[in-house]
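Below is the file protein_11.cif, which contains mmCIF, N, CA and C atoms.
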data_entry
#
loop_
_atom_site.label_atom_id
_atom_site.label_comp_id
_atom_site.auth_asym_id
_atom_site.auth_seq_id
_atom_site.Cartn_x
_atom_site.Cartn_y
_atom_site.Cartn_z
N MET A 1 0.83 -1.19 0.00
CA MET A 1 0.00 0.00 0.00
C MET A 1 0.87 1.25 0.00
N VAL A 2 1.93 1.26 0.78
CA VAL A 2 2.82 2.41 0.84
C VAL A 2 3.43 2.67 -0.53
N GLY A 3 3.74 1.60 -1.27
CA GLY A 3 4.30 1.74 -2.60
C GLY A 3 3.39 2.52 -3.53
N ILE A 4 2.10 2.38 -3.39
CA ILE A 4 1.15 3.12 -4.21
C ILE A 4 1.32 4.61 -3.99
N PHE A 5 1.47 5.01 -2.72
CA PHE A 5 1.64 6.43 -2.42
C PHE A 5 2.98 6.95 -2.93
N ARG A 6 4.01 6.13 -2.83
CA ARG A 6 5.33 6.55 -3.32
C ARG A 6 5.30 6.73 -4.83
N ARG A 7 4.71 5.79 -5.53
CA ARG A 7 4.67 5.88 -7.00
C ARG A 7 3.84 7.05 -7.48
N SER A 8 2.81 7.40 -6.75
CA SER A 8 1.95 8.49 -7.20
C SER A 8 2.49 9.85 -6.79
N GLY A 9 3.53 9.89 -5.98
CA GLY A 9 4.13 11.16 -5.59
C GLY A 9 3.39 11.87 -4.47
N ILE A 10 2.50 11.20 -3.78
CA ILE A 10 1.78 11.88 -2.70
C ILE A 10 2.23 11.43 -1.31
N ALA A 11 3.27 10.64 -1.25
CA ALA A 11 3.71 10.13 0.05
C ALA A 11 4.10 11.25 0.99
N MET A 12 4.90 12.18 0.55
CA MET A 12 5.35 13.26 1.43
C MET A 12 4.20 14.20 1.81
N PRO A 13 3.40 14.66 0.84
CA PRO A 13 2.27 15.52 1.26
C PRO A 13 1.31 14.80 2.20
N LEU A 14 1.08 13.51 1.96
CA LEU A 14 0.20 12.75 2.82
C LEU A 14 0.78 12.64 4.22
N ALA A 15 2.07 12.37 4.32
CA ALA A 15 2.73 12.28 5.62
C ALA A 15 2.66 13.61 6.36
N ALA A 16 2.85 14.71 5.64
CA ALA A 16 2.78 16.03 6.25
C ALA A 16 1.36 16.31 6.77
N LEU A 17 0.37 15.94 5.98
CA LEU A 17 -1.02 16.14 6.40
C LEU A 17 -1.33 15.35 7.66
N ILE A 18 -0.88 14.11 7.69
CA ILE A 18 -1.11 13.27 8.87
C ILE A 18 -0.41 13.85 10.09
N ALA A 19 0.80 14.35 9.91
CA ALA A 19 1.55 14.93 11.03
C ALA A 19 0.85 16.18 11.57
N VAL A 20 0.38 17.03 10.68
CA VAL A 20 -0.31 18.25 11.10
C VAL A 20 -1.63 17.91 11.79
N ALA A 21 -2.38 16.99 11.21
CA ALA A 21 -3.66 16.59 11.80
C ALA A 21 -3.43 15.96 13.17
N GLY A 22 -2.42 15.12 13.28
CA GLY A 22 -2.11 14.48 14.55
C GLY A 22 -1.68 15.50 15.59
N ALA A 23 -0.90 16.50 15.19
CA ALA A 23 -0.43 17.52 16.12
C ALA A 23 -1.61 18.33 16.66
N SER A 24 -2.58 18.63 15.80
CA SER A 24 -3.71 19.43 16.26
C SER A 24 -4.56 18.65 17.26
N VAL A 25 -4.63 17.34 17.10
CA VAL A 25 -5.38 16.52 18.04
C VAL A 25 -4.67 16.47 19.39
N VAL A 26 -3.37 16.37 19.37
CA VAL A 26 -2.59 16.30 20.61
C VAL A 26 -2.76 17.56 21.43
N HIS A 27 -2.84 18.71 20.77
CA HIS A 27 -2.91 19.99 21.48
C HIS A 27 -4.35 20.44 21.76
N ALA A 28 -5.32 19.71 21.29
CA ALA A 28 -6.71 20.10 21.51
C ALA A 28 -7.09 19.88 22.97
N GLU A 29 -7.97 20.73 23.45
CA GLU A 29 -8.50 20.56 24.80
C GLU A 29 -9.49 19.39 24.79
N MET A 30 -9.43 18.59 25.80
CA MET A 30 -10.33 17.45 25.87
C MET A 30 -11.61 17.88 26.60
N ASP A 31 -12.73 17.65 25.96
CA ASP A 31 -14.03 17.94 26.55
C ASP A 31 -14.54 16.66 27.18
N GLY A 32 -14.46 16.56 28.50
CA GLY A 32 -14.83 15.35 29.22
C GLY A 32 -16.25 14.90 28.95
N LYS A 33 -17.18 15.85 28.86
CA LYS A 33 -18.57 15.49 28.60
C LYS A 33 -18.71 14.87 27.21
N ALA A 34 -18.04 15.43 26.22
CA ALA A 34 -18.11 14.89 24.85
C ALA A 34 -17.48 13.50 24.78
N VAL A 35 -16.39 13.31 25.52
CA VAL A 35 -15.75 12.00 25.54
C VAL A 35 -16.69 10.96 26.14
N LEU A 36 -17.30 11.30 27.26
CA LEU A 36 -18.24 10.37 27.89
C LEU A 36 -19.45 10.08 27.01
N GLU A 37 -19.94 11.11 26.32
CA GLU A 37 -21.09 10.92 25.44
C GLU A 37 -20.73 9.98 24.28
N THR A 38 -19.57 10.19 23.70
CA THR A 38 -19.12 9.32 22.61
C THR A 38 -18.93 7.89 23.11
N TYR A 39 -18.30 7.76 24.25
CA TYR A 39 -18.07 6.45 24.85
C TYR A 39 -19.40 5.75 25.13
N ALA A 40 -20.37 6.49 25.64
CA ALA A 40 -21.69 5.92 25.93
C ALA A 40 -22.39 5.49 24.65
N ASN A 41 -22.27 6.28 23.60
CA ASN A 41 -22.87 5.92 22.32
C ASN A 41 -22.26 4.64 21.75
N ILE A 42 -20.96 4.51 21.87
CA ILE A 42 -20.28 3.29 21.40
C ILE A 42 -20.73 2.09 22.23
N ALA A 43 -20.79 2.28 23.54
CA ALA A 43 -21.22 1.19 24.43
C ALA A 43 -22.65 0.78 24.10
N GLU A 44 -23.53 1.75 23.90
CA GLU A 44 -24.92 1.44 23.57
C GLU A 44 -25.02 0.64 22.27
N ALA A 45 -24.26 1.04 21.27
CA ALA A 45 -24.28 0.31 19.99
C ALA A 45 -23.76 -1.11 20.17
N ASN A 46 -22.70 -1.27 20.94
CA ASN A 46 -22.16 -2.61 21.18
C ASN A 46 -23.14 -3.49 21.94
N TYR A 47 -23.76 -2.95 22.98
CA TYR A 47 -24.74 -3.74 23.74
C TYR A 47 -25.97 -4.06 22.90
N SER A 48 -26.37 -3.14 22.04
CA SER A 48 -27.51 -3.39 21.15
C SER A 48 -27.20 -4.54 20.20
N ASP A 49 -25.99 -4.54 19.64
CA ASP A 49 -25.57 -5.66 18.76
C ASP A 49 -25.53 -6.97 19.54
N ALA A 50 -25.00 -6.91 20.75
CA ALA A 50 -24.91 -8.12 21.58
C ALA A 50 -26.31 -8.66 21.89
N LEU A 51 -27.25 -7.77 22.17
CA LEU A 51 -28.62 -8.19 22.48
C LEU A 51 -29.29 -8.84 21.27
N SER A 52 -29.16 -8.20 20.12
CA SER A 52 -29.85 -8.75 18.94
C SER A 52 -29.28 -10.10 18.53
N THR A 53 -27.97 -10.27 18.63
CA THR A 53 -27.39 -11.57 18.28
C THR A 53 -27.69 -12.61 19.36
N ALA A 54 -27.83 -12.18 20.61
CA ALA A 54 -28.21 -13.12 21.67
C ALA A 54 -29.64 -13.61 21.46
N LYS A 55 -30.51 -12.72 21.01
CA LYS A 55 -31.89 -13.13 20.73
C LYS A 55 -31.93 -14.13 19.57
N ALA A 56 -31.10 -13.90 18.55
CA ALA A 56 -31.04 -14.83 17.43
C ALA A 56 -30.50 -16.19 17.90
N LEU A 57 -29.54 -16.16 18.81
CA LEU A 57 -29.01 -17.40 19.39
C LEU A 57 -30.09 -18.13 20.18
N GLU A 58 -30.87 -17.39 20.94
CA GLU A 58 -31.96 -17.99 21.71
C GLU A 58 -32.95 -18.71 20.79
N VAL A 59 -33.28 -18.09 19.68
CA VAL A 59 -34.20 -18.70 18.71
C VAL A 59 -33.59 -19.97 18.12
N ALA A 60 -32.30 -19.91 17.75
CA ALA A 60 -31.63 -21.06 17.17
C ALA A 60 -31.55 -22.22 18.16
N ILE A 61 -31.29 -21.91 19.43
CA ILE A 61 -31.23 -22.96 20.45
C ILE A 61 -32.62 -23.56 20.68
N GLY A 62 -33.62 -22.70 20.68
CA GLY A 62 -34.99 -23.18 20.83
C GLY A 62 -35.38 -24.14 19.71
N ALA A 63 -34.96 -23.82 18.49
CA ALA A 63 -35.24 -24.70 17.34
C ALA A 63 -34.50 -26.02 17.48
N LEU A 64 -33.28 -25.95 17.98
CA LEU A 64 -32.48 -27.17 18.18
C LEU A 64 -33.12 -28.06 19.25
N VAL A 65 -33.57 -27.47 20.32
CA VAL A 65 -34.20 -28.24 21.40
C VAL A 65 -35.53 -28.83 20.94
N ALA A 66 -36.30 -28.04 20.19
CA ALA A 66 -37.61 -28.49 19.74
C ALA A 66 -37.51 -29.63 18.72
N ARG A 67 -36.55 -29.52 17.81
CA ARG A 67 -36.38 -30.53 16.76
C ARG A 67 -34.90 -30.75 16.50
N PRO A 68 -34.26 -31.56 17.30
CA PRO A 68 -32.83 -31.79 17.12
C PRO A 68 -32.53 -32.39 15.74
N SER A 69 -31.56 -31.77 15.08
CA SER A 69 -31.11 -32.26 13.78
C SER A 69 -29.72 -31.70 13.52
N GLU A 70 -29.07 -32.25 12.55
CA GLU A 70 -27.74 -31.76 12.19
C GLU A 70 -27.82 -30.31 11.70
N GLU A 71 -28.86 -30.01 10.94
CA GLU A 71 -29.05 -28.65 10.42
C GLU A 71 -29.32 -27.66 11.55
N ALA A 72 -30.14 -28.05 12.51
CA ALA A 72 -30.44 -27.18 13.66
C ALA A 72 -29.19 -26.96 14.51
N LEU A 73 -28.39 -28.01 14.63
CA LEU A 73 -27.14 -27.88 15.38
C LEU A 73 -26.18 -26.91 14.68
N LYS A 74 -26.07 -27.03 13.36
CA LYS A 74 -25.22 -26.11 12.60
C LYS A 74 -25.71 -24.67 12.75
N SER A 75 -27.01 -24.50 12.71
CA SER A 75 -27.59 -23.17 12.85
C SER A 75 -27.30 -22.58 14.24
N ALA A 76 -27.44 -23.41 15.27
CA ALA A 76 -27.16 -22.95 16.63
C ALA A 76 -25.68 -22.60 16.81
N ARG A 77 -24.83 -23.43 16.24
CA ARG A 77 -23.39 -23.13 16.31
C ARG A 77 -23.06 -21.81 15.60
N SER A 78 -23.65 -21.63 14.45
CA SER A 78 -23.42 -20.40 13.69
C SER A 78 -23.93 -19.18 14.46
N ALA A 79 -25.10 -19.32 15.07
CA ALA A 79 -25.66 -18.22 15.87
C ALA A 79 -24.78 -17.92 17.08
N TRP A 80 -24.22 -18.96 17.69
CA TRP A 80 -23.33 -18.75 18.84
C TRP A 80 -22.08 -17.99 18.40
N LYS A 81 -21.51 -18.39 17.28
CA LYS A 81 -20.31 -17.69 16.79
C LYS A 81 -20.63 -16.23 16.47
N ALA A 82 -21.77 -15.99 15.88
CA ALA A 82 -22.17 -14.62 15.55
C ALA A 82 -22.41 -13.79 16.81
N ALA A 83 -22.98 -14.41 17.84
CA ALA A 83 -23.28 -13.69 19.08
C ALA A 83 -22.03 -13.44 19.91
N ARG A 84 -21.04 -14.28 19.78
CA ARG A 84 -19.83 -14.16 20.59
C ARG A 84 -19.05 -12.89 20.30
N ILE A 85 -19.01 -12.48 19.06
CA ILE A 85 -18.21 -11.31 18.67
C ILE A 85 -18.71 -10.03 19.34
N PRO A 86 -20.00 -9.69 19.20
CA PRO A 86 -20.46 -8.47 19.89
C PRO A 86 -20.37 -8.59 21.41
N TYR A 87 -20.60 -9.80 21.93
CA TYR A 87 -20.48 -9.98 23.38
C TYR A 87 -19.06 -9.66 23.84
N GLN A 88 -18.08 -10.15 23.11
CA GLN A 88 -16.69 -9.88 23.48
C GLN A 88 -16.40 -8.38 23.45
N GLN A 89 -16.98 -7.68 22.50
CA GLN A 89 -16.74 -6.25 22.39
C GLN A 89 -17.32 -5.49 23.58
N THR A 90 -18.34 -6.03 24.22
CA THR A 90 -18.91 -5.34 25.38
C THR A 90 -18.07 -5.53 26.64
N GLU A 91 -17.20 -6.50 26.64
CA GLU A 91 -16.40 -6.77 27.84
C GLU A 91 -15.54 -5.58 28.23
N ALA A 92 -15.14 -4.78 27.28
CA ALA A 92 -14.31 -3.61 27.57
C ALA A 92 -15.06 -2.59 28.43
N PHE A 93 -16.36 -2.57 28.36
CA PHE A 93 -17.15 -1.57 29.09
C PHE A 93 -17.44 -1.97 30.52
N ARG A 94 -17.24 -3.21 30.87
CA ARG A 94 -17.64 -3.68 32.19
C ARG A 94 -16.78 -3.14 33.32
N LEU A 95 -15.51 -2.95 33.06
CA LEU A 95 -14.61 -2.52 34.14
C LEU A 95 -14.24 -1.05 34.03
N ALA A 96 -14.77 -0.36 33.04
CA ALA A 96 -14.41 1.04 32.85
C ALA A 96 -15.12 1.92 33.87
N THR A 97 -14.41 2.94 34.30
CA THR A 97 -15.00 3.95 35.17
C THR A 97 -14.81 5.30 34.50
N ARG A 98 -15.49 6.29 35.00
CA ARG A 98 -15.36 7.63 34.42
C ARG A 98 -13.91 8.08 34.42
N SER A 99 -13.21 7.87 35.53
CA SER A 99 -11.83 8.33 35.60
C SER A 99 -10.91 7.54 34.67
N SER A 100 -11.25 6.28 34.38
CA SER A 100 -10.39 5.52 33.47
C SER A 100 -10.63 5.95 32.03
N ILE A 101 -11.77 6.61 31.75
CA ILE A 101 -12.06 7.06 30.40
C ILE A 101 -11.48 8.45 30.14
N ILE A 102 -11.71 9.39 31.06
CA ILE A 102 -11.28 10.76 30.81
C ILE A 102 -10.26 11.27 31.82
N GLY A 103 -9.83 10.44 32.72
CA GLY A 103 -8.87 10.88 33.71
C GLY A 103 -9.54 11.43 34.95
N LYS A 104 -8.79 11.52 36.00
CA LYS A 104 -9.35 11.96 37.29
C LYS A 104 -9.78 13.41 37.28
N ALA A 105 -9.10 14.24 36.49
CA ALA A 105 -9.41 15.67 36.47
C ALA A 105 -10.62 15.99 35.62
N GLY A 106 -11.04 15.05 34.72
CA GLY A 106 -12.13 15.30 33.77
C GLY A 106 -13.39 15.51 34.47
#
Could you show the structure in this file as structure tokens?
Amino acid sequence: MVGIFRRSGIAMPLAALIAVAGASVVHAEMDGKAVLETYANIAEANYSDALSTAKALEVAIGALVARPSEEALKSARSAWKAARIPYQQTEAFRLATRSSIIGKAG
């Protein structure tokens, strides 16, 4: 990928842009309320995904219990794998505190 930028002649301007953009972020004042709001929005989206995939897993398990078959088992396994990913993403939110997100002074 880097070779594409080198061949097109935009590697240096792109690097300069990234450096300037990064520097402005480093020197920006942190708004604790905005950070918490963004964090809460991300957490809500993750928990929403985890809930919807857990409900799909519940349906798949119910079908497996009601009529055990190889196909129902495959479906339940697939639903479990799909539900596991969003569930794992929510684990980061369980131990977080306000101070661990924005610092003690925020």
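The two atoms in question, CA of Ala83 (chain A) and CA of Val35 (chain A), are spaced 27.5 Å apart.
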- Task: Would you write out, as a ChimeraX atom specification, every residue that the PyMOL selection byres ((chain A and resi 38-47) around 7) captures in this file?
- Result: /A:33-37,48-52,86-87,89-90,93
- Query: Hey, can you check how far atom C of Pro68 (chain A) sits from atom C of Ile85 (chain A)?
  - Reply: 26.5 Å
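CA of Trp80 (chain A) is found 12.6 Å from CA of Gly62 (chain A).
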- Message: Every residue with an atom at most 8 Å from (-26.3, -15.2, 19.1) (file coordinates; only N, CA and C atoms) is what I'm after, so could you write them as number ranges by chain?
- Response: A: 50-60, 76, 78-85
